[in-house]
file start.cif (mmCIF, C-alpha atoms and all ligand atoms)
data_coords
loop_
_atom_site.label_atom_id
_atom_site.label_comp_id
_atom_site.auth_asym_id
_atom_site.auth_seq_id
_atom_site.Cartn_x
_atom_site.Cartn_y
_atom_site.Cartn_z
CA MET A 178 18.94 15.66 40.58
CA HIS A 179 16.11 13.23 41.16
CA ARG A 180 13.04 13.76 39.00
CA PRO A 181 9.72 11.96 39.23
CA LYS A 182 9.62 9.16 36.67
CA THR A 183 6.33 10.28 35.10
CA ARG A 184 7.82 13.70 34.30
CA SER A 185 10.80 12.26 32.42
CA ILE A 186 8.59 9.85 30.42
CA SER A 187 6.29 12.67 29.49
CA THR A 188 9.17 14.90 28.34
CA GLN A 189 10.55 12.05 26.27
CA ASP A 190 7.13 11.49 24.70
CA ILE A 191 6.89 15.14 23.73
CA ARG A 192 10.36 15.10 22.17
CA ARG A 193 9.48 11.94 20.24
CA ASP A 194 6.17 13.41 19.06
CA ASN A 195 7.83 16.64 17.95
CA ARG A 196 10.55 14.79 16.04
CA SER A 197 7.87 12.74 14.30
CA LEU A 198 5.90 15.88 13.51
CA VAL A 199 8.93 17.50 11.88
CA LEU A 200 9.72 14.35 9.87
CA ASN A 201 6.11 14.09 8.67
CA LEU A 202 6.02 17.77 7.69
CA LEU A 203 9.20 17.37 5.67
CA ARG A 204 7.77 14.27 4.02
CA ARG A 205 4.69 16.20 2.93
CA HIS A 206 6.26 19.56 2.02
CA LYS A 207 9.66 18.23 0.80
CA LEU A 208 11.68 21.36 1.65
CA MET A 209 10.97 23.76 4.52
CA SER A 210 12.89 26.44 6.37
CA ARG A 211 13.16 26.33 10.15
CA VAL A 212 10.85 29.36 10.33
CA GLU A 213 8.19 27.58 8.25
CA LEU A 214 8.56 24.44 10.33
CA ALA A 215 8.11 26.41 13.56
CA ARG A 216 5.04 28.18 12.21
CA ILE A 217 3.28 25.07 10.87
CA ALA A 218 4.28 22.81 13.77
CA GLY A 219 3.22 25.43 16.30
CA LEU A 220 6.60 25.25 18.05
CA THR A 221 9.09 27.94 18.96
CA GLU A 222 12.06 28.54 16.67
CA PRO A 223 14.56 27.49 19.39
CA ALA A 224 12.60 24.23 19.82
CA ILE A 225 12.65 23.61 16.05
CA SER A 226 16.37 24.38 15.95
CA ARG A 227 17.04 21.79 18.64
CA ILE A 228 14.83 19.10 17.03
CA THR A 229 16.23 19.65 13.54
CA ARG A 230 19.81 19.60 14.89
CA GLU A 231 19.11 16.19 16.45
CA LEU A 232 17.62 14.90 13.21
CA VAL A 233 20.53 16.28 11.16
CA ASP A 234 23.02 14.64 13.56
CA ALA A 235 21.08 11.35 13.24
CA GLY A 236 21.41 11.59 9.45
CA LEU A 237 17.65 11.61 8.86
CA ILE A 238 17.37 15.15 7.48
CA ALA A 239 19.82 17.50 5.77
CA GLU A 240 20.21 21.19 5.02
CA ARG A 241 19.85 22.32 1.43
CA SER A 242 20.84 25.79 0.30
CA LEU A 243 18.48 27.43 -2.14
CA ALA A 244 19.21 30.56 -4.14
CA ALA A 245 17.01 33.31 -2.71
CA ASP A 246 15.19 34.27 -5.93
CA GLY A 247 18.24 36.03 -7.32
CA ARG A 248 18.15 38.58 -4.51
CA PRO A 249 21.38 39.57 -2.82
CA GLY A 250 22.23 38.28 0.62
CA ARG A 251 22.61 34.85 2.15
CA PRO A 252 20.96 31.94 0.37
CA MET A 253 17.87 30.47 2.05
CA VAL A 254 18.58 27.29 3.96
CA SER A 255 15.86 24.69 3.79
CA LEU A 256 15.63 21.30 5.38
CA GLY A 257 14.59 18.09 3.67
CA LEU A 258 14.52 14.38 4.37
CA ARG A 259 17.85 12.69 3.75
CA GLY A 260 16.92 9.68 1.61
CA GLU A 261 19.97 7.63 2.49
CA GLY A 262 19.35 8.18 6.21
CA LEU A 263 17.06 5.20 6.52
CA PHE A 264 15.74 2.40 4.33
CA VAL A 265 12.82 -0.02 4.23
CA LEU A 266 12.11 -3.19 2.31
CA GLY A 267 8.83 -3.65 0.45
CA MET A 268 7.50 -6.97 -0.78
CA ASP A 269 4.38 -7.61 -2.82
CA ILE A 270 2.97 -11.10 -3.28
CA GLY A 271 0.11 -11.91 -5.62
CA ALA A 272 -0.76 -14.57 -8.17
CA ASN A 273 0.15 -12.23 -11.04
CA SER A 274 3.52 -11.09 -9.69
CA GLN A 275 5.81 -11.20 -6.68
CA SER A 276 8.49 -8.60 -6.13
CA LEU A 277 10.90 -7.22 -3.59
CA CYS A 278 12.41 -3.76 -3.35
CA LEU A 279 14.60 -1.59 -1.18
CA ALA A 280 13.55 2.04 -0.81
CA ASP A 281 14.97 5.04 0.99
CA LEU A 282 13.40 7.40 3.51
CA CYS A 283 11.87 9.44 0.66
CA GLY A 284 10.20 6.32 -0.75
CA GLU A 285 12.57 6.18 -3.74
CA VAL A 286 13.15 2.59 -4.83
CA VAL A 287 16.91 1.98 -5.00
CA ALA A 288 16.85 -1.75 -5.81
CA ARG A 289 14.19 -4.18 -6.96
CA GLN A 290 13.80 -7.70 -8.21
CA ASP A 291 11.03 -10.01 -9.32
CA LEU A 292 10.56 -13.11 -7.21
CA ASN A 293 9.19 -16.38 -8.44
CA LEU A 294 7.52 -17.48 -5.22
CA LEU A 295 4.83 -19.67 -6.75
CA SER A 296 7.29 -22.28 -7.99
CA PHE A 297 7.72 -23.63 -4.43
CA ASP A 298 5.89 -26.64 -3.04
CA ASN A 299 4.73 -24.84 0.09
CA PRO A 300 4.31 -21.21 1.17
CA GLU A 301 6.82 -21.47 4.04
CA ALA A 302 9.57 -22.41 1.58
CA ALA A 303 8.47 -19.57 -0.72
CA LEU A 304 8.67 -16.99 2.09
CA GLU A 305 12.03 -18.35 3.22
CA TYR A 306 13.29 -17.85 -0.33
CA GLY A 307 11.88 -14.29 -0.26
CA ALA A 308 13.77 -13.59 2.97
CA ASP A 309 16.99 -14.98 1.43
CA ARG A 310 16.61 -12.64 -1.55
CA ALA A 311 16.02 -9.73 0.86
CA ARG A 312 19.26 -10.56 2.69
CA ASP A 313 21.10 -10.65 -0.65
CA MET A 314 19.63 -7.28 -1.60
CA LEU A 315 20.74 -5.71 1.69
CA ARG A 316 24.24 -7.18 1.31
CA THR A 317 24.57 -5.85 -2.23
CA ALA A 318 23.35 -2.40 -1.17
CA GLY A 319 25.93 -2.38 1.64
CA LEU A 320 23.62 -0.75 4.20
CA GLU A 321 25.13 0.35 7.49
CA PRO A 322 23.79 -1.70 10.39
CA GLY A 323 20.73 -0.06 11.90
CA ARG A 324 19.75 1.83 8.74
CA LEU A 325 17.01 -0.67 7.81
CA ALA A 326 13.80 0.32 9.59
CA GLY A 327 11.65 -2.66 8.65
CA ILE A 328 9.82 -4.55 5.93
CA GLY A 329 6.27 -4.08 4.66
CA ILE A 330 4.55 -6.96 2.88
CA GLY A 331 1.42 -6.61 0.76
CA ILE A 332 -0.37 -9.85 -0.10
CA ALA A 333 -3.32 -10.49 -2.38
CA GLY A 334 -5.53 -12.06 0.28
CA ALA A 335 -7.39 -11.58 3.55
CA VAL A 336 -4.94 -10.32 6.17
CA ASP A 337 -5.36 -9.86 9.90
CA ARG A 338 -3.02 -6.92 10.26
CA SER A 339 -3.02 -6.68 14.06
CA ASN A 340 -2.29 -10.39 14.48
CA ARG A 341 0.13 -10.16 11.53
CA ILE A 342 -1.33 -13.20 9.77
CA LEU A 343 -2.34 -13.98 6.22
CA LEU A 344 -5.74 -15.59 6.80
CA GLN A 345 -6.45 -16.72 3.28
CA ALA A 346 -5.21 -16.02 -0.23
CA PRO A 347 -7.42 -18.02 -2.62
CA THR A 348 -5.54 -16.90 -5.73
CA LEU A 349 -2.26 -18.10 -4.17
CA GLY A 350 -3.68 -21.18 -2.46
CA TRP A 351 -2.11 -20.00 0.85
CA GLU A 352 -3.79 -19.75 4.26
CA ASN A 353 -3.07 -19.15 7.95
CA LEU A 354 0.51 -17.96 7.58
CA PRO A 355 2.29 -15.83 10.22
CA VAL A 356 3.93 -13.80 7.46
CA ALA A 357 5.23 -10.91 9.58
CA ASP A 358 6.74 -13.26 12.19
CA ILE A 359 8.50 -15.26 9.48
CA PHE A 360 10.20 -12.15 8.04
CA GLU A 361 10.93 -10.63 11.44
CA SER A 362 12.83 -13.67 12.61
CA ALA A 363 14.57 -14.13 9.25
CA LEU A 364 15.71 -10.50 8.88
CA SER A 365 15.82 -9.28 12.52
CA VAL A 366 13.86 -6.11 11.68
CA PRO A 367 10.21 -5.25 12.34
CA ALA A 368 7.74 -6.51 9.74
CA CYS A 369 4.12 -5.74 8.96
CA VAL A 370 1.68 -7.37 6.56
CA GLU A 371 -1.41 -6.00 4.85
CA GLY A 372 -3.87 -7.12 2.17
CA ARG A 373 -3.14 -5.71 -1.28
CA PRO A 374 -6.28 -3.54 -1.67
CA ARG A 375 -5.78 -1.98 1.77
CA ALA A 376 -2.05 -1.46 1.13
CA ILE A 377 -2.88 0.37 -2.12
CA LEU A 378 -5.59 2.47 -0.45
CA HIS A 379 -3.23 3.32 2.40
CA ALA A 380 -0.61 4.50 -0.10
CA GLU A 381 -3.15 6.47 -2.15
CA HIS A 382 -4.33 8.17 1.03
CA THR A 383 -0.81 8.94 2.24
CA ILE A 384 1.04 9.95 -0.93
CA GLY A 385 -1.39 9.49 -3.83
CA ILE A 386 -4.75 10.56 -5.22
CA ALA A 387 -6.70 10.15 -1.97
CA GLN A 388 -4.67 12.60 0.12
CA GLN A 389 -6.98 14.87 2.13
CA LYS A 390 -9.86 12.43 1.57
CA ASN A 391 -11.54 10.91 4.62
CA ASN A 392 -13.90 8.41 2.98
CA VAL A 393 -12.67 6.30 0.10
CA LEU A 394 -13.85 3.08 -1.56
CA LEU A 395 -11.17 1.21 -3.53
CA ILE A 396 -12.00 -1.75 -5.76
CA HIS A 397 -9.03 -3.92 -6.68
CA LEU A 398 -9.63 -5.81 -9.91
CA GLY A 399 -7.48 -8.75 -10.88
CA LEU A 400 -8.64 -12.32 -11.40
CA GLY A 401 -11.00 -11.62 -8.45
CA VAL A 402 -12.64 -8.50 -7.02
CA GLY A 403 -11.12 -7.10 -3.80
CA VAL A 404 -12.20 -4.10 -1.76
CA ALA A 405 -10.64 -1.66 0.69
CA LEU A 406 -12.73 0.89 2.54
CA MET A 407 -11.70 3.96 4.47
CA ILE A 408 -14.43 5.56 6.54
CA ASP A 409 -13.69 8.71 8.56
CA ARG A 410 -9.96 8.19 7.88
CA ARG A 411 -10.01 4.70 9.39
CA MET A 412 -9.48 1.54 7.41
CA LEU A 413 -12.62 -0.55 7.81
CA ARG A 414 -11.69 -4.14 8.65
CA GLY A 415 -14.65 -5.87 10.30
CA ALA A 416 -14.91 -8.76 12.76
CA SER A 417 -13.20 -11.23 10.44
CA ASN A 418 -11.09 -8.74 8.46
CA SER A 419 -13.32 -9.08 5.43
CA ALA A 420 -15.39 -5.88 5.66
CA GLY A 421 -16.62 -4.69 2.29
CA GLN A 422 -15.83 -7.85 0.35
CA ILE A 423 -18.27 -7.76 -2.54
CA GLY A 424 -16.98 -10.56 -4.76
CA HIS A 425 -19.68 -12.97 -3.63
CA LEU A 426 -22.63 -10.57 -3.78
CA LYS A 427 -25.25 -12.24 -5.93
CA VAL A 428 -25.89 -9.87 -8.79
CA ASP A 429 -26.92 -12.09 -11.71
CA ALA A 430 -29.95 -14.30 -11.06
CA ALA A 431 -29.20 -16.30 -14.19
CA GLY A 432 -25.47 -16.40 -13.52
CA SER A 433 -23.00 -19.25 -13.61
CA GLN A 434 -21.52 -21.07 -10.63
CA CYS A 435 -18.89 -19.31 -8.53
CA THR A 436 -15.92 -20.89 -6.73
CA CYS A 437 -17.93 -20.43 -3.51
CA GLY A 438 -20.58 -22.86 -4.82
CA GLU A 439 -23.29 -20.22 -5.28
CA PHE A 440 -24.51 -18.85 -8.58
CA GLY A 441 -24.30 -15.36 -10.08
CA CYS A 442 -21.74 -13.81 -7.70
CA LEU A 443 -20.10 -10.53 -8.79
CA ASN A 444 -16.88 -12.51 -9.27
CA THR A 445 -18.59 -14.55 -12.00
CA VAL A 446 -19.49 -11.50 -14.08
CA ALA A 447 -17.14 -8.59 -13.27
CA SER A 448 -13.73 -10.09 -12.47
CA GLY A 449 -10.75 -10.97 -14.63
CA TYR A 450 -11.71 -14.60 -14.24
CA ALA A 451 -15.21 -13.78 -15.54
CA VAL A 452 -13.68 -12.15 -18.62
CA LEU A 453 -11.54 -15.23 -19.27
CA SER A 454 -14.59 -17.48 -18.91
CA GLN A 455 -16.56 -15.36 -21.36
CA LEU A 456 -13.69 -15.49 -23.82
CA GLY A 457 -13.57 -19.27 -23.40
CA MET A 458 -9.98 -18.98 -22.15
CA ALA A 459 -10.26 -19.74 -18.40
CA ILE A 460 -8.42 -22.80 -17.17
CA THR A 461 -10.55 -24.80 -14.76
CA SER A 462 -9.54 -28.41 -15.22
CA ALA A 463 -5.81 -28.40 -14.43
CA GLN A 464 -4.25 -28.59 -10.97
CA PRO A 465 -5.30 -25.53 -8.91
CA ASP A 466 -1.75 -24.10 -8.89
CA ASP A 467 -1.37 -24.52 -12.65
CA ALA A 468 -4.82 -23.00 -13.22
CA ARG A 469 -3.91 -19.92 -11.12
CA VAL A 470 -0.63 -19.28 -12.90
CA GLY A 471 -2.18 -20.06 -16.29
CA ASN A 472 -5.14 -17.74 -15.75
CA VAL A 473 -2.90 -14.87 -14.66
CA TRP A 474 -0.94 -15.27 -17.88
CA LEU A 475 -4.16 -15.56 -19.92
CA LEU A 476 -5.60 -12.39 -18.37
CA LYS A 477 -2.53 -10.49 -19.61
CA HIS A 478 -3.15 -12.02 -23.03
CA ALA A 479 -6.84 -11.02 -22.93
CA ALA A 480 -5.85 -7.46 -21.94
CA ALA A 481 -3.48 -7.34 -24.92
CA MET A 482 -6.39 -8.43 -27.16
CA ALA A 483 -8.53 -5.59 -25.81
CA TYR A 484 -5.70 -3.10 -26.36
CA ALA A 485 -5.44 -4.36 -29.94
CA ASN A 486 -9.19 -3.66 -30.36
CA ASP A 487 -10.19 -7.30 -30.71
CA ILE A 488 -13.97 -6.85 -31.01
CA ALA A 489 -14.96 -9.80 -28.79
CA ALA A 490 -12.41 -8.90 -26.10
CA VAL A 491 -13.46 -5.24 -26.00
CA ARG A 492 -17.15 -6.20 -25.77
CA ILE A 493 -16.55 -8.71 -22.97
CA PHE A 494 -14.33 -6.38 -20.93
CA ARG A 495 -16.93 -3.61 -21.32
CA SER A 496 -19.74 -5.94 -20.28
CA ALA A 497 -17.78 -7.01 -17.16
CA GLY A 498 -17.22 -3.33 -16.32
CA GLU A 499 -20.94 -2.68 -16.72
CA TRP A 500 -21.69 -5.31 -14.07
CA LEU A 501 -19.32 -3.60 -11.67
CA GLY A 502 -20.76 -0.16 -12.48
CA ARG A 503 -24.32 -1.32 -11.74
CA THR A 504 -23.22 -3.02 -8.52
CA LEU A 505 -21.32 0.07 -7.38
CA SER A 506 -24.40 2.20 -8.03
CA GLN A 507 -26.28 0.04 -5.51
CA LEU A 508 -23.46 -0.34 -3.05
CA THR A 509 -21.78 3.05 -2.89
CA PRO A 510 -24.56 4.92 -1.02
CA ILE A 511 -24.17 2.48 1.89
CA PHE A 512 -20.61 3.68 2.50
CA ASP A 513 -21.06 7.28 1.33
CA PRO A 514 -17.48 7.77 0.07
CA GLU A 515 -16.14 11.00 -1.42
CA LEU A 516 -13.94 9.14 -3.90
CA VAL A 517 -14.07 5.74 -5.61
CA ILE A 518 -10.79 4.29 -6.90
CA LEU A 519 -10.38 1.40 -9.32
CA ALA A 520 -7.04 -0.42 -9.01
CA GLY A 521 -5.39 -3.53 -10.41
CA ALA A 522 -4.90 -5.01 -13.87
CA MET A 523 -8.54 -4.68 -15.02
CA ALA A 524 -8.62 -0.99 -14.06
CA GLN A 525 -5.96 -0.29 -16.70
CA ILE A 526 -8.16 -1.59 -19.54
CA PRO A 527 -10.10 1.27 -21.18
CA SER A 528 -13.14 -0.77 -22.30
CA TYR A 529 -13.61 -2.17 -18.78
CA VAL A 530 -13.39 1.28 -17.17
CA GLU A 531 -15.75 2.67 -19.81
CA GLY A 532 -18.27 -0.05 -18.90
CA VAL A 533 -18.00 0.90 -15.22
CA ARG A 534 -18.35 4.65 -15.86
CA ASN A 535 -21.35 4.24 -18.18
CA ASN A 536 -23.26 2.29 -15.55
CA PHE A 537 -22.18 4.02 -12.36
CA HIS A 538 -25.09 6.32 -11.63
CA LEU A 539 -25.62 8.04 -8.31
CA ALA A 540 -27.88 10.77 -7.05
CA ARG A 541 -24.83 12.99 -6.54
CA GLU A 542 -21.56 13.57 -8.36
CA LEU A 543 -18.84 11.24 -7.15
CA PRO A 544 -15.34 11.14 -8.63
CA LEU A 545 -14.15 7.79 -9.95
CA SER A 546 -10.35 7.63 -10.29
CA ILE A 547 -7.91 5.05 -11.57
CA SER A 548 -5.01 4.11 -9.31
CA THR A 549 -1.55 4.17 -10.83
CA MET A 550 0.15 3.29 -7.54
CA THR A 551 2.57 0.43 -8.09
CA LEU A 552 2.41 -2.57 -5.79
CA GLU A 553 6.00 -1.87 -4.75
CA GLN A 554 5.19 1.74 -3.83
CA ALA A 555 2.28 0.46 -1.76
CA ALA A 556 4.47 -2.02 0.15
CA VAL A 557 7.16 0.63 0.71
CA CYS A 558 4.59 3.15 1.94
CA LEU A 559 3.25 0.52 4.33
CA ALA A 560 6.72 0.02 5.83
CA LEU A 561 7.58 3.73 5.97
CA ASP A 562 4.37 4.53 7.82
CA ALA A 563 4.63 1.60 10.19
CA PHE A 564 8.31 1.99 11.06
CA VAL A 565 9.41 5.54 10.27
CA PHE A 566 6.58 8.09 10.17
CA ASP A 567 4.27 6.63 12.81
CA PRO A 568 4.08 9.24 15.60
CA ARG A 569 4.33 6.44 18.16
CA LEU A 570 7.68 5.38 16.77
CA ASP A 571 10.57 5.54 19.16
CA PHE A 572 13.43 7.04 17.19
CA GLY A 573 15.80 6.21 20.00
CA ARG A 574 16.95 3.14 18.15
CA PHE A 575 18.17 5.18 15.21
CA ALA A 576 21.52 6.85 15.70
CA GLY A 577 21.23 7.24 19.43
CA LEU A 578 18.35 9.72 19.63
CA ALA A 579 17.16 9.94 23.23
ZN ZN B 1 -19.25 -16.60 -4.93
#

call {"tool": "encode", "arguments": {"input": "start.cif", "output": "structure tokens"}}
result
Amino acid sequence: MHRPKTRSISTQDIRRDNRSLVLNLLRRHKLMSRVELARIAGLTEPAISRITRELVDAGLIAERSLAADGRPGRPMVSLGLRGEGLFVLGMDIGANSQSLCLADLCGEVVARQDLNLLSFDNPEAALEYGADRARDMLRTAGLEPGRLAGIGIGIAGAVDRSNRILLQAPTLGWENLPVADIFESALSVPACVEGRPRAILHAEHTIGIAQQKNNVLLIHLGLGVGVALMIDRRMLRGASNSAGQIGHLKVDAAGSQCTCGEFGCLNTVASGYAVLSQLGMAITSAQPDDARVGNVWLLKHAAAMAYANDIAAVRIFRSAGEWLGRTLSQLTPIFDPELVILAGAMAQIPSYVEGVRNNFHLARELPLSISTMTLEQAAVCLALDAFVFDPRLDFGRFAGLA
């Protein structure tokens, strides 16, 4: 029978949306019965039965029998995501570390490896090497064709996510790289790229400490100071993808010179590099690449000194934290967040965090939390949301779902 084209597209859209809704509910609630799914999704039980049957047949969800609280009768049957139904790759690239992992539909990492991408002469060769390692990882895991949904790449730098380009990564010395295109053509799966702070904030909002929060400010603290901002549940990016970057705010009138040429930027007093400078450890004179790698290593050494209660190190980390705390006190009211998150290597150092907390004063109570999200989890979450849980995703390409 002939049907108008618009009708069939619309029906297909509804089926796709409902499948996505069920998958997202199972991601959030882990195990749910069909009755619970119908109630929360606002769908009829026959509709839920049909959708879940399709997803079971596609291998994306599975039934799990649960004992019904010791009561007699049939055990309760719940549904949950089937981890091995689909996989994603996650890659994180920063000056301090580069890693690759393979994770399942539940976000569980099933394989990982460190990459040494900074030993290459140019970034293209480094990314090609990364793609080679990804191919090796997939071969070793023996994935069925079609079970890899895509790859998510987090990079410590300014990223234009919609144009899929790394604009600039000063700590890596990389710029203007079509990162997603490079991995897409190398691996023949969809790829997406995001800046590290935004990737971490995205993951914290989806599966971490910022769930249910609509307005979040995340400060990523490594050798430099990076920022990610979520306002009204939307990631704030700005005209040049650098919204919220505070590293070059001038905060110290008597400050030293920054890499940008100005004096007294926040980066010169509150960053990991600032701590190294204060400790007299920062490398400035060597080749830029050597200085980057050397300073990353030295920051780990400085952190170890602070952990060992080295008096000078503790004082300098605390002082750097105080600069950030004072700056956040000025800055935070502009964005009016409901949660501030500190992430990155510096956020794991107690004296630094203490310095921030002691100088972060606002007219109202505002929680300040420390992120424990790993960079791999963030990259995996990026890929899962872009290629599996996005409601716009067409599941037709997985296991023949129409
Ligand atoms: Zn500057």

call {"tool": "atom_distance", "arguments": {"input": "start.cif", "atom1": "CA of Asn391 in chain A", "atom2": "CA of Arg411 in chain A"}}
result
8.0 Å

call {"tool": "closest_atom_pairs", "arguments": {"input": "start.cif", "of": "chain A", "to": "ligand ZN 1 (chain B)", "cutoff": "10 Å", "atoms": "all atoms listed in the file", "output": "JSON lines"}}
result
{"residue": "A:Ile423", "atom": "CA", "partner": "B:ZN1", "partner_atom": "ZN", "distance": 9.2}
{"residue": "A:Gly424", "atom": "CA", "partner": "B:ZN1", "partner_atom": "ZN", "distance": 6.5}
{"residue": "A:His425", "atom": "CA", "partner": "B:ZN1", "partner_atom": "ZN", "distance": 3.9}
{"residue": "A:Leu426", "atom": "CA", "partner": "B:ZN1", "partner_atom": "ZN", "distance": 7.0}
{"residue": "A:Lys427", "atom": "CA", "partner": "B:ZN1", "partner_atom": "ZN", "distance": 7.5}
{"residue": "A:Ser433", "atom": "CA", "partner": "B:ZN1", "partner_atom": "ZN", "distance": 9.8}
{"residue": "A:Gln434", "atom": "CA", "partner": "B:ZN1", "partner_atom": "ZN", "distance": 7.6}
{"residue": "A:Cys435", "atom": "CA", "partner": "B:ZN1", "partner_atom": "ZN", "distance": 4.5}
{"residue": "A:Thr436", "atom": "CA", "partner": "B:ZN1", "partner_atom": "ZN", "distance": 5.7}
{"residue": "A:Cys437", "atom": "CA", "partner": "B:ZN1", "partner_atom": "ZN", "distance": 4.3}
{"residue": "A:Gly438", "atom": "CA", "partner": "B:ZN1", "partner_atom": "ZN", "distance": 6.4}
{"residue": "A:Glu439", "atom": "CA", "partner": "B:ZN1", "partner_atom": "ZN", "distance": 5.4}
{"residue": "A:Phe440", "atom": "CA", "partner": "B:ZN1", "partner_atom": "ZN", "distance": 6.8}
{"residue": "A:Gly441", "atom": "CA", "partner": "B:ZN1", "partner_atom": "ZN", "distance": 7.3}
{"residue": "A:Cys442", "atom": "CA", "partner": "B:ZN1", "partner_atom": "ZN", "distance": 4.7}
{"residue": "A:Leu443", "atom": "CA", "partner": "B:ZN1", "partner_atom": "ZN", "distance": 7.2}
{"residue": "A:Asn444", "atom": "CA", "partner": "B:ZN1", "partner_atom": "ZN", "distance": 6.4}
{"residue": "A:Thr445", "atom": "CA", "partner": "B:ZN1", "partner_atom": "ZN", "distance": 7.4}

call {"tool": "write_last_selection", "arguments": {"input": "start.cif", "atoms": "C-alpha atoms", "output": "PDB file, keeping the file's coordinate frame"}}
result
ATOM      1  CA  ILE A 423     -18.270  -7.760  -2.540  1.00  0.00           C
ATOM      2  CA  GLY A 424     -16.980 -10.560  -4.760  1.00  0.00           C
ATOM      3  CA  HIS A 425     -19.680 -12.970  -3.630  1.00  0.00           C
ATOM      4  CA  LEU A 426     -22.630 -10.570  -3.780  1.00  0.00           C
ATOM      5  CA  LYS A 427     -25.250 -12.240  -5.930  1.00  0.00           C
ATOM      6  CA  SER A 433     -23.000 -19.250 -13.610  1.00  0.00           C
ATOM      7  CA  GLN A 434     -21.520 -21.070 -10.630  1.00  0.00           C
ATOM      8  CA  CYS A 435     -18.890 -19.310  -8.530  1.00  0.00           C
ATOM      9  CA  THR A 436     -15.920 -20.890  -6.730  1.00  0.00           C
ATOM     10  CA  CYS A 437     -17.930 -20.430  -3.510  1.00  0.00           C
ATOM     11  CA  GLY A 438     -20.580 -22.860  -4.820  1.00  0.00           C
ATOM     12  CA  GLU A 439     -23.290 -20.220  -5.280  1.00  0.00           C
ATOM     13  CA  PHE A 440     -24.510 -18.850  -8.580  1.00  0.00           C
ATOM     14  CA  GLY A 441     -24.300 -15.360 -10.080  1.00  0.00           C
ATOM     15  CA  CYS A 442     -21.740 -13.810  -7.700  1.00  0.00           C
ATOM     16  CA  LEU A 443     -20.100 -10.530  -8.790  1.00  0.00           C
ATOM     17  CA  ASN A 444     -16.880 -12.510  -9.270  1.00  0.00           C
ATOM     18  CA  THR A 445     -18.590 -14.550 -12.000  1.00  0.00           C
TER      19      THR A 445
END

call {"tool": "residues_near_point", "arguments": {"input": "start.cif", "point": "(-10.9, -3.6, -11.1)", "cutoff": "8 Å", "atoms": "only C-alpha atoms", "output": "ChimeraX atom specification"}}
result
/A:396-399,402,448,519-524

call {"tool": "write_last_selection", "arguments": {"input": "start.cif", "atoms": "C-alpha atoms", "output": "PDB file, in the frame of the given file"}}
result
ATOM      1  CA  ILE A 396     -12.000  -1.750  -5.760  1.00  0.00           C
ATOM      2  CA  HIS A 397      -9.030  -3.920  -6.680  1.00  0.00           C
ATOM      3  CA  LEU A 398      -9.630  -5.810  -9.910  1.00  0.00           C
ATOM      4  CA  GLY A 399      -7.480  -8.750 -10.880  1.00  0.00           C
ATOM      5  CA  VAL A 402     -12.640  -8.500  -7.020  1.00  0.00           C
ATOM      6  CA  SER A 448     -13.730 -10.090 -12.470  1.00  0.00           C
ATOM      7  CA  LEU A 519     -10.380   1.400  -9.320  1.00  0.00           C
ATOM      8  CA  ALA A 520      -7.040  -0.420  -9.010  1.00  0.00           C
ATOM      9  CA  GLY A 521      -5.390  -3.530 -10.410  1.00  0.00           C
ATOM     10  CA  ALA A 522      -4.900  -5.010 -13.870  1.00  0.00           C
ATOM     11  CA  MET A 523      -8.540  -4.680 -15.020  1.00  0.00           C
ATOM     12  CA  ALA A 524      -8.620  -0.990 -14.060  1.00  0.00           C
TER      13      ALA A 524
END

call {"tool": "residues_around", "arguments": {"input": "start.cif", "residues": "range 565-569 of chain A", "least_positions_apart": "3", "cutoff": "9 Å", "atoms": "only C-alpha atoms", "output": "list in words"}}
result
Asp190, Arg193, Asp194, Asn195, Arg196, Ser197, Leu198, Leu200, Asn201, Arg204, Leu263, Val265, Leu282, Ala326, Gly327, Ala560, Leu561, Asp562 and Phe572 of chain A

call {"tool": "atom_distance", "arguments": {"input": "start.cif", "atom1": "CA of Arg241 in chain A", "atom2": "CA of Met253 in chain A"}}
result
8.4 Å

call {"tool": "residues_around", "arguments": {"input": "start.cif", "residues": "Ala357 in chain A", "least_positions_apart": "4", "cutoff": "12 Å", "atoms": "all atoms listed in the file", "output": "PyMOL selection string"}}
result
chain A and resi 268+304-305+308+327-332+336-343+353+361-371+560

call {"tool": "write_last_selection", "arguments": {"input": "start.cif", "atoms": "C-alpha atoms", "output": "compact mmCIF listing (two decimals), in the frame of the given file"}}
result
# COMPACT_ATOMS: atom_id res chain seq x y z
CA MET A 268 7.50 -6.97 -0.78
CA LEU A 304 8.67 -16.99 2.09
CA GLU A 305 12.03 -18.35 3.22
CA ALA A 308 13.77 -13.59 2.97
CA GLY A 327 11.65 -2.66 8.65
CA ILE A 328 9.82 -4.55 5.93
CA GLY A 329 6.27 -4.08 4.66
CA ILE A 330 4.55 -6.96 2.88
CA GLY A 331 1.42 -6.61 0.76
CA ILE A 332 -0.37 -9.85 -0.10
CA VAL A 336 -4.94 -10.32 6.17
CA ASP A 337 -5.36 -9.86 9.90
CA ARG A 338 -3.02 -6.92 10.26
CA SER A 339 -3.02 -6.68 14.06
CA ASN A 340 -2.29 -10.39 14.48
CA ARG A 341 0.13 -10.16 11.53
CA ILE A 342 -1.33 -13.20 9.77
CA LEU A 343 -2.34 -13.98 6.22
CA ASN A 353 -3.07 -19.15 7.95
CA GLU A 361 10.93 -10.63 11.44
CA SER A 362 12.83 -13.67 12.61
CA ALA A 363 14.57 -14.13 9.25
CA LEU A 364 15.71 -10.50 8.88
CA SER A 365 15.82 -9.28 12.52
CA VAL A 366 13.86 -6.11 11.68
CA PRO A 367 10.21 -5.25 12.34
CA ALA A 368 7.74 -6.51 9.74
CA CYS A 369 4.12 -5.74 8.96
CA VAL A 370 1.68 -7.37 6.56
CA GLU A 371 -1.41 -6.00 4.85
CA ALA A 560 6.72 0.02 5.83
